[in-house]
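So the structure is just underneath, and the comments pick up after that.
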Amino acid sequence: MKSVYITSMGKFLPGAPVGNEEMEDYLGKIGGRSSKTKRIILEKNQIKQRYYAMDKEQKSLYTNAEMAALAIREALERSASVRPEDVEFLATGTTRADLLLPGFASMVHAETGLPVMEISSHSGLCASGMHALKNAFLHIKSGEHRTAIACSSEFLSREFKHTKFEAQSIYSNGRVPFDTDFLRFMLSDGAGAALLQNEPSAQGLSLRIEWIDNKSYANEYETCMYSGMSKEDGGRSWLDYASIHEAADHGALNLKQDVRLVNEITKVGTRRFLELVEEGRIDPDAVDWMVVHYSSHVFREEIFQLLEQGGVTIPEEKWFTNLYTKGNTAAASIYIMLEELLYSGRLSAGQQIVCVVPESGRFQASTMLLTVVGD
């Protein structure tokens with residue numbers, strides 16, 4: 001089996017950073033009223049700025065596929081040896097593609113102008129980006145390909161336009177429930193990409209992927225974060241309404257999170273991490289960097305506490321995040337964090353990086369171990 005290395009990374013963050021006071025200038029005020037949820041959520045998540053791929057008139061500046069292609073372009077431009085025509089495999093992850101069909105990877109492939117190749121689309125929530133990365137990893141590790149790209153892009157701000165909710169008869173009074181409204185102040189836009197090869201870069205640092213572990217706990221939990229149904233209507237699919245208009249009126253197409261279940265996300269992520277420690281696949285004392293996708297600052301302390309209860313302590317100075325300055329970009333977050341860390345000048349050969357991406361959709365945890373190589 002071949003060794004697999006991340007030899008280059010790229011990101012794309014659209015437009016200028018948007019501060020907390022400007023959010024509703026872009027998203028709009030539902031019913032002309034500022035959200036009562038906003039202040040509470042921003043206090044909890046502590047995000048100070050984020051990026052939106054639409055302007056204050058709520059017009060899209062890019063497609064989701066275009067943002068992914070721009071992140072891929074940066075990764076290729078940074079590569080010391082790989083040309084676009086060398087790429088043999090493309091895997092993508094996203095929460096919401098621009099189109100229902102065809103798959104997101106097809107649209108990204110077309111935007112990049114890369115040659116004919118094998119592609120794979122991964123659809124889901126935060127873990128879909130890691131699923132794409134594992135697919136690319138396995139293609140190279142098996143020897144089937146020598147060069148691959150994994151990427152994830154999110155254009156979530158357009159999910160939360162005020163006009164979308166104002167058009168739904170169920171919210172004609174202008175009051176959107178907390179399970180929908182709070183996500184307006186949690187999620188934002190951006191893309192990241194990783195170039196994978198079967199040898200490290202001849203220049204600079206590379207990240208050797210030791211393993212990627214994905215585990216689903218859907219057999220143990222109800223659905224928590226979702227779109228395409230309404231729990232108030234018994235959980236039927238949006239396709240089972242009499243028309244798409246009826247489904248929209250009932251809020252079945254909205255992105256929602258069941259706040260009764262959301263706190264389970266930290267338990268799922270730490271549970272799998274502690275199992276990996278017990279299995280001997282992670283040595284806490286050898287970890288130099290923890291790159292964890294947590295959607296809100298409030299979960300950070302919970303993770304620390306749960307790890308300590310499991311007998312594991314990883315000093316706070318080893319934890320890396322850019323949540324507060326880049327926002328919560330869902331599946332793209334792990335790429336955007338790793339890209340910043342890789343080019344930060346803070347890494348050195350031999351260091352170990354553990355990446356953790358818990359997902360609250362129907363609960364899963366993705367974990368990855370990396371070793372820094374090169375100079």
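Every chain in the structure tokens takes a letter, A first, then B, and so on in the order presented; its residues are numbered from 1, and the ligands are numbered from 1 following the presented order.
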
(Q) as a PyMOL selection string, please: every residue in stretch 169-208 of chain A that DSSP puts in strand (DSSP E). (A) chain A and resi 190-197+205-208

Can you spit out the residues from that selection as a PDB file, in the first residue's frame, using all heavy atoms?
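Just written: out-v2.pdb:
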```pdb
ATOM      1  N   GLY A 190     -17.650  29.451   2.105  1.00  0.00           N
ATOM      2  CA  GLY A 190     -16.226  29.301   1.827  1.00  0.00           C
ATOM      3  C   GLY A 190     -15.926  27.933   1.256  1.00  0.00           C
ATOM      4  O   GLY A 190     -16.775  27.032   1.260  1.00  0.00           O
ATOM      5  N   ALA A 191     -14.710  27.773   0.749  1.00  0.00           N
ATOM      6  CA  ALA A 191     -14.302  26.516   0.121  1.00  0.00           C
ATOM      7  C   ALA A 191     -12.846  26.216   0.452  1.00  0.00           C
ATOM      8  O   ALA A 191     -12.039  27.122   0.680  1.00  0.00           O
ATOM      9  CB  ALA A 191     -14.482  26.595  -1.397  1.00  0.00           C
ATOM     10  N   GLY A 192     -12.524  24.930   0.472  1.00  0.00           N
ATOM     11  CA  GLY A 192     -11.146  24.501   0.687  1.00  0.00           C
ATOM     12  C   GLY A 192     -10.843  23.279  -0.150  1.00  0.00           C
ATOM     13  O   GLY A 192     -11.751  22.515  -0.507  1.00  0.00           O
ATOM     14  N   ALA A 193      -9.574  23.097  -0.490  1.00  0.00           N
ATOM     15  CA  ALA A 193      -9.171  21.968  -1.331  1.00  0.00           C
ATOM     16  C   ALA A 193      -7.816  21.439  -0.892  1.00  0.00           C
ATOM     17  O   ALA A 193      -6.957  22.197  -0.416  1.00  0.00           O
ATOM     18  CB  ALA A 193      -9.108  22.392  -2.800  1.00  0.00           C
ATOM     19  N   ALA A 194      -7.639  20.136  -1.049  1.00  0.00           N
ATOM     20  CA  ALA A 194      -6.370  19.473  -0.723  1.00  0.00           C
ATOM     21  C   ALA A 194      -5.899  18.669  -1.921  1.00  0.00           C
ATOM     22  O   ALA A 194      -6.680  17.930  -2.532  1.00  0.00           O
ATOM     23  CB  ALA A 194      -6.549  18.560   0.492  1.00  0.00           C
ATOM     24  N   LEU A 195      -4.630  18.819  -2.252  1.00  0.00           N
ATOM     25  CA  LEU A 195      -3.989  18.042  -3.311  1.00  0.00           C
ATOM     26  C   LEU A 195      -3.283  16.859  -2.668  1.00  0.00           C
ATOM     27  O   LEU A 195      -2.434  17.041  -1.787  1.00  0.00           O
ATOM     28  CB  LEU A 195      -2.992  18.916  -4.072  1.00  0.00           C
ATOM     29  CG  LEU A 195      -2.188  18.252  -5.191  1.00  0.00           C
ATOM     30  CD1 LEU A 195      -3.108  17.755  -6.312  1.00  0.00           C
ATOM     31  CD2 LEU A 195      -1.151  19.235  -5.741  1.00  0.00           C
ATOM     32  N   LEU A 196      -3.622  15.641  -3.078  1.00  0.00           N
ATOM     33  CA  LEU A 196      -3.066  14.421  -2.516  1.00  0.00           C
ATOM     34  C   LEU A 196      -2.181  13.734  -3.545  1.00  0.00           C
ATOM     35  O   LEU A 196      -2.548  13.624  -4.723  1.00  0.00           O
ATOM     36  CB  LEU A 196      -4.174  13.462  -2.076  1.00  0.00           C
ATOM     37  CG  LEU A 196      -4.870  13.729  -0.736  1.00  0.00           C
ATOM     38  CD1 LEU A 196      -5.647  15.038  -0.741  1.00  0.00           C
ATOM     39  CD2 LEU A 196      -5.800  12.576  -0.375  1.00  0.00           C
ATOM     40  N   GLN A 197      -1.019  13.240  -3.076  1.00  0.00           N
ATOM     41  CA  GLN A 197      -0.087  12.529  -3.946  1.00  0.00           C
ATOM     42  C   GLN A 197       0.492  11.315  -3.223  1.00  0.00           C
ATOM     43  O   GLN A 197       0.378  11.197  -1.989  1.00  0.00           O
ATOM     44  CB  GLN A 197       1.061  13.447  -4.368  1.00  0.00           C
ATOM     45  CG  GLN A 197       0.653  14.634  -5.219  1.00  0.00           C
ATOM     46  CD  GLN A 197       1.846  15.497  -5.581  1.00  0.00           C
ATOM     47  OE1 GLN A 197       2.055  16.568  -5.021  1.00  0.00           O
ATOM     48  NE2 GLN A 197       2.651  15.015  -6.531  1.00  0.00           N
ATOM     49  N   LEU A 205       6.622  21.803   3.331  1.00  0.00           N
ATOM     50  CA  LEU A 205       6.038  20.763   4.165  1.00  0.00           C
ATOM     51  C   LEU A 205       4.897  20.048   3.461  1.00  0.00           C
ATOM     52  O   LEU A 205       4.178  20.626   2.653  1.00  0.00           O
ATOM     53  CB  LEU A 205       5.506  21.379   5.471  1.00  0.00           C
ATOM     54  CG  LEU A 205       6.530  22.057   6.382  1.00  0.00           C
ATOM     55  CD1 LEU A 205       5.828  22.693   7.577  1.00  0.00           C
ATOM     56  CD2 LEU A 205       7.591  21.067   6.858  1.00  0.00           C
ATOM     57  N   SER A 206       4.749  18.784   3.792  1.00  0.00           N
ATOM     58  CA  SER A 206       3.589  17.992   3.376  1.00  0.00           C
ATOM     59  C   SER A 206       3.000  17.337   4.619  1.00  0.00           C
ATOM     60  O   SER A 206       3.648  17.271   5.678  1.00  0.00           O
ATOM     61  CB  SER A 206       3.991  16.912   2.366  1.00  0.00           C
ATOM     62  OG  SER A 206       4.489  17.480   1.173  1.00  0.00           O
ATOM     63  N   LEU A 207       1.775  16.861   4.488  1.00  0.00           N
ATOM     64  CA  LEU A 207       1.096  16.185   5.593  1.00  0.00           C
ATOM     65  C   LEU A 207       0.827  14.744   5.180  1.00  0.00           C
ATOM     66  O   LEU A 207       0.026  14.499   4.268  1.00  0.00           O
ATOM     67  CB  LEU A 207      -0.222  16.901   5.924  1.00  0.00           C
ATOM     68  CG  LEU A 207      -0.128  18.396   6.232  1.00  0.00           C
ATOM     69  CD1 LEU A 207      -1.517  18.990   6.404  1.00  0.00           C
ATOM     70  CD2 LEU A 207       0.728  18.642   7.472  1.00  0.00           C
ATOM     71  N   ARG A 208       1.523  13.807   5.816  1.00  0.00           N
ATOM     72  CA  ARG A 208       1.273  12.395   5.512  1.00  0.00           C
ATOM     73  C   ARG A 208      -0.001  11.955   6.234  1.00  0.00           C
ATOM     74  O   ARG A 208      -0.131  12.135   7.449  1.00  0.00           O
ATOM     75  CB  ARG A 208       2.449  11.521   5.942  1.00  0.00           C
ATOM     76  CG  ARG A 208       2.286  10.057   5.507  1.00  0.00           C
ATOM     77  CD  ARG A 208       3.533   9.227   5.785  1.00  0.00           C
ATOM     78  NE  ARG A 208       3.785   9.114   7.215  1.00  0.00           N
ATOM     79  CZ  ARG A 208       4.944   9.455   7.811  1.00  0.00           C
ATOM     80  NH1 ARG A 208       5.939   9.950   7.094  1.00  0.00           N
ATOM     81  NH2 ARG A 208       5.090   9.312   9.103  1.00  0.00           N
TER      82      ARG A 208
END
```

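Contact shell of A:Gln49 at 9 Å (only C-alpha atoms; same-chain neighbours under 2 positions omitted): A:Pro17, A:Val18, A:Gly19, A:Asn20, A:Ile47, A:Tyr51, A:Leu323, A:Tyr324, A:Thr325, A:Lys326, A:Gly327.
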
I need the residues from that last selection saved to file as a JSON list (two decimals), in the first residue's frame (with N, CA, C and O atoms), if you can.
```json
[["chain", "number", "residue", "atom", "x", "y", "z"],
["A", 17, "PRO", "N", -14.63, 40.30, 4.77],
["A", 17, "PRO", "CA", -15.19, 39.74, 6.01],
["A", 17, "PRO", "C", -16.39, 40.55, 6.49],
["A", 17, "PRO", "O", -16.41, 41.78, 6.39],
["A", 18, "VAL", "N", -17.38, 39.85, 7.01],
["A", 18, "VAL", "CA", -18.62, 40.47, 7.47],
["A", 18, "VAL", "C", -18.68, 40.40, 8.99],
["A", 18, "VAL", "O", -18.67, 39.31, 9.57],
["A", 19, "GLY", "N", -18.72, 41.55, 9.63],
["A", 19, "GLY", "CA", -18.81, 41.60, 11.09],
["A", 19, "GLY", "C", -20.21, 41.31, 11.58],
["A", 19, "GLY", "O", -21.18, 41.30, 10.81],
["A", 20, "ASN", "N", -20.33, 41.09, 12.88],
["A", 20, "ASN", "CA", -21.62, 40.72, 13.46],
["A", 20, "ASN", "C", -22.71, 41.76, 13.22],
["A", 20, "ASN", "O", -23.87, 41.42, 12.99],
["A", 47, "ILE", "N", -18.23, 33.89, 17.17],
["A", 47, "ILE", "CA", -17.71, 34.21, 15.83],
["A", 47, "ILE", "C", -17.75, 35.72, 15.66],
["A", 47, "ILE", "O", -18.77, 36.37, 15.92],
["A", 51, "TYR", "N", -17.72, 35.12, 6.00],
["A", 51, "TYR", "CA", -17.75, 35.54, 4.60],
["A", 51, "TYR", "C", -19.04, 35.06, 3.95],
["A", 51, "TYR", "O", -19.49, 33.94, 4.21],
["A", 323, "LEU", "N", -12.36, 29.41, 13.64],
["A", 323, "LEU", "CA", -13.81, 29.61, 13.69],
["A", 323, "LEU", "C", -14.17, 31.08, 13.86],
["A", 323, "LEU", "O", -15.08, 31.58, 13.21],
["A", 324, "TYR", "N", -13.44, 31.77, 14.73],
["A", 324, "TYR", "CA", -13.83, 33.12, 15.12],
["A", 324, "TYR", "C", -13.57, 34.16, 14.03],
["A", 324, "TYR", "O", -14.20, 35.22, 14.02],
["A", 325, "THR", "N", -12.67, 33.84, 13.09],
["A", 325, "THR", "CA", -12.33, 34.80, 12.03],
["A", 325, "THR", "C", -12.76, 34.35, 10.64],
["A", 325, "THR", "O", -12.89, 35.17, 9.74],
["A", 326, "LYS", "N", -12.97, 33.03, 10.45],
["A", 326, "LYS", "CA", -13.37, 32.52, 9.15],
["A", 326, "LYS", "C", -14.81, 32.03, 9.15],
["A", 326, "LYS", "O", -15.38, 31.77, 8.10],
["A", 327, "GLY", "N", -15.39, 31.88, 10.35],
["A", 327, "GLY", "CA", -16.77, 31.42, 10.46],
["A", 327, "GLY", "C", -16.90, 29.92, 10.41],
["A", 327, "GLY", "O", -15.94, 29.18, 10.22]]
```

(Q) Show me, as a ChimeraX atom specification, the residues that have an atom within 10 Å of stretch 163-180 of chain A when counting only C-alpha atoms, minus same-chain residues fewer than 6 positions from it. (A) /A:27-33,35-37,58,225,245-251,254-260

Q | alpha helix (DSSP H) per DSSP on the backbone: members of stretch 82-298 of chain A, as JSON, numbers by chain | A | {"A": [104, 105, 106, 107, 108, 109, 110, 111, 112, 128, 129, 130, 131, 132, 133, 134, 135, 136, 137, 138, 139, 140, 141, 162, 163, 164, 165, 166, 178, 179, 180, 181, 244, 245, 246, 247, 248, 249, 264, 265, 266, 267, 268, 269, 270, 271, 272, 273, 274, 275, 276, 277, 278, 297, 298]}

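Computed from the coordinates, the atom CA of A:Ala91 to atom CA of A:Met368 distance equals 16.9 Å.
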
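Residues surrounding A:Glu154 within 7 Å are Asn64, Thr94, Thr95, Asp189, Gly190, Ala191, Thr329 and Ala332 of chain A [only C-alpha atoms; sequence separation below 5 positions excluded].
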
Closest atom pairs, residues of stretch 61-112 of chain A within 10 Å of stretch 146-152 of chain A, only C-alpha atoms, as a Markdown table:
```
| residue | atom | partner | partner_atom | distance |
| --- | --- | --- | --- | --- |
| A:Asn64 | CA | A:Ser152 | CA | 9.5 |
| A:Ala65 | CA | A:Ser152 | CA | 9.4 |
| A:Met67 | CA | A:Ser152 | CA | 9.2 |
| A:Ala68 | CA | A:Ser152 | CA | 6.5 |
| A:Ala69 | CA | A:Cys151 | CA | 8.8 |
| A:Ala71 | CA | A:Cys151 | CA | 7.9 |
| A:Ile72 | CA | A:Cys151 | CA | 7.3 |
| A:Ala75 | CA | A:Ile149 | CA | 9.0 |
| A:Leu76 | CA | A:Ile149 | CA | 9.4 |
| A:Val82 | CA | A:Thr147 | CA | 8.1 |
| A:Asp86 | CA | A:Thr147 | CA | 6.8 |
| A:Val87 | CA | A:Thr147 | CA | 5.3 |
| A:Glu88 | CA | A:Ala148 | CA | 5.7 |
| A:Phe89 | CA | A:Ala148 | CA | 4.6 |
| A:Leu90 | CA | A:Ile149 | CA | 4.9 |
| A:Ala91 | CA | A:Ala150 | CA | 4.8 |
| A:Thr92 | CA | A:Cys151 | CA | 5.0 |
| A:Gly93 | CA | A:Ser152 | CA | 4.6 |
| A:Thr94 | CA | A:Ser152 | CA | 5.6 |
| A:Thr95 | CA | A:Ser152 | CA | 9.0 |
| A:Phe104 | CA | A:Ser152 | CA | 9.8 |
| A:Ala105 | CA | A:Cys151 | CA | 9.3 |
| A:Val108 | CA | A:Cys151 | CA | 9.5 |
```

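Restricting the calculation to only C-alpha atoms, the smallest distance between A:Arg184 and any of A:Ile6, A:Val298, A:Met23, A:Ile353 is found for A:Met23.
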
Q: Extract, using only C-alpha atoms, all DNA, RNA and protein residues at most 9 Å from A:Leu307, discarding same-chain residues fewer than 6 positions from it, and format them as a ChimeraX atom specification.
A: /A:270-271,273-274,313-314

Q: Find the residues near stretch 209-214 of chain A: any atom within 6 Å, counting only C-alpha atoms, skip ones fewer than 6 places away on the same chain, and give them as a PyMOL selection string.
A: chain A and resi 4-5+365-370

Dump as an mmCIF file, in the first residue's frame, selection limited to C-alpha atoms:
```
data_model
loop_
_atom_site.group_PDB
_atom_site.id
_atom_site.type_symbol
_atom_site.label_atom_id
_atom_site.label_comp_id
_atom_site.auth_asym_id
_atom_site.auth_seq_id
_atom_site.Cartn_x
_atom_site.Cartn_y
_atom_site.Cartn_z
ATOM 1 C CA VAL A 4 -0.447 9.323 0.904
ATOM 2 C CA TYR A 5 0.476 12.970 1.375
ATOM 3 C CA ALA A 365 -17.618 11.426 13.779
ATOM 4 C CA SER A 366 -14.684 11.698 11.411
ATOM 5 C CA THR A 367 -11.122 11.586 12.741
ATOM 6 C CA MET A 368 -7.817 11.867 10.876
ATOM 7 C CA LEU A 369 -4.184 11.504 11.945
ATOM 8 C CA LEU A 370 -1.524 13.445 10.032
#
```

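When only C-alpha atoms are used to compute distances to A:Ser201, the closest of the residues A:Gln364, A:Ser237, A:Ser81, A:Asn45 turns out to be A:Ser81.
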
Q | Polymer residues at most 12 Å from A:Ala330, only C-alpha atoms, same-chain spacing of 5 or more positions, as a ChimeraX atom specification | A | /A:93-96,124-130,152-157,183,186-192,225,292-296,323,335-337,357-361

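Taking only C-alpha atoms into account, A:Met1 lies nearest to A:Ile140 out of the set A:Met290, A:Ala97, A:Ile140, A:Ile41.
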
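For the pair atom CA of A:Gly311 and atom CA of A:Leu133, the interatomic distance is 29.9 Å.
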
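Candidate residues A:Asp285, A:Glu220, A:Glu275, A:Asp55 were compared for distance to A:Arg158, and the nearest is A:Asp55, using only C-alpha atoms.
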
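Distance-wise, atom CA of A:Glu317 and atom CA of A:Gly374 end up 23.4 Å apart.
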
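The closest residue to A:Pro84, picked from A:His109, A:Arg362, A:Lys134, A:Arg50 and counting only C-alpha atoms, is A:His109.
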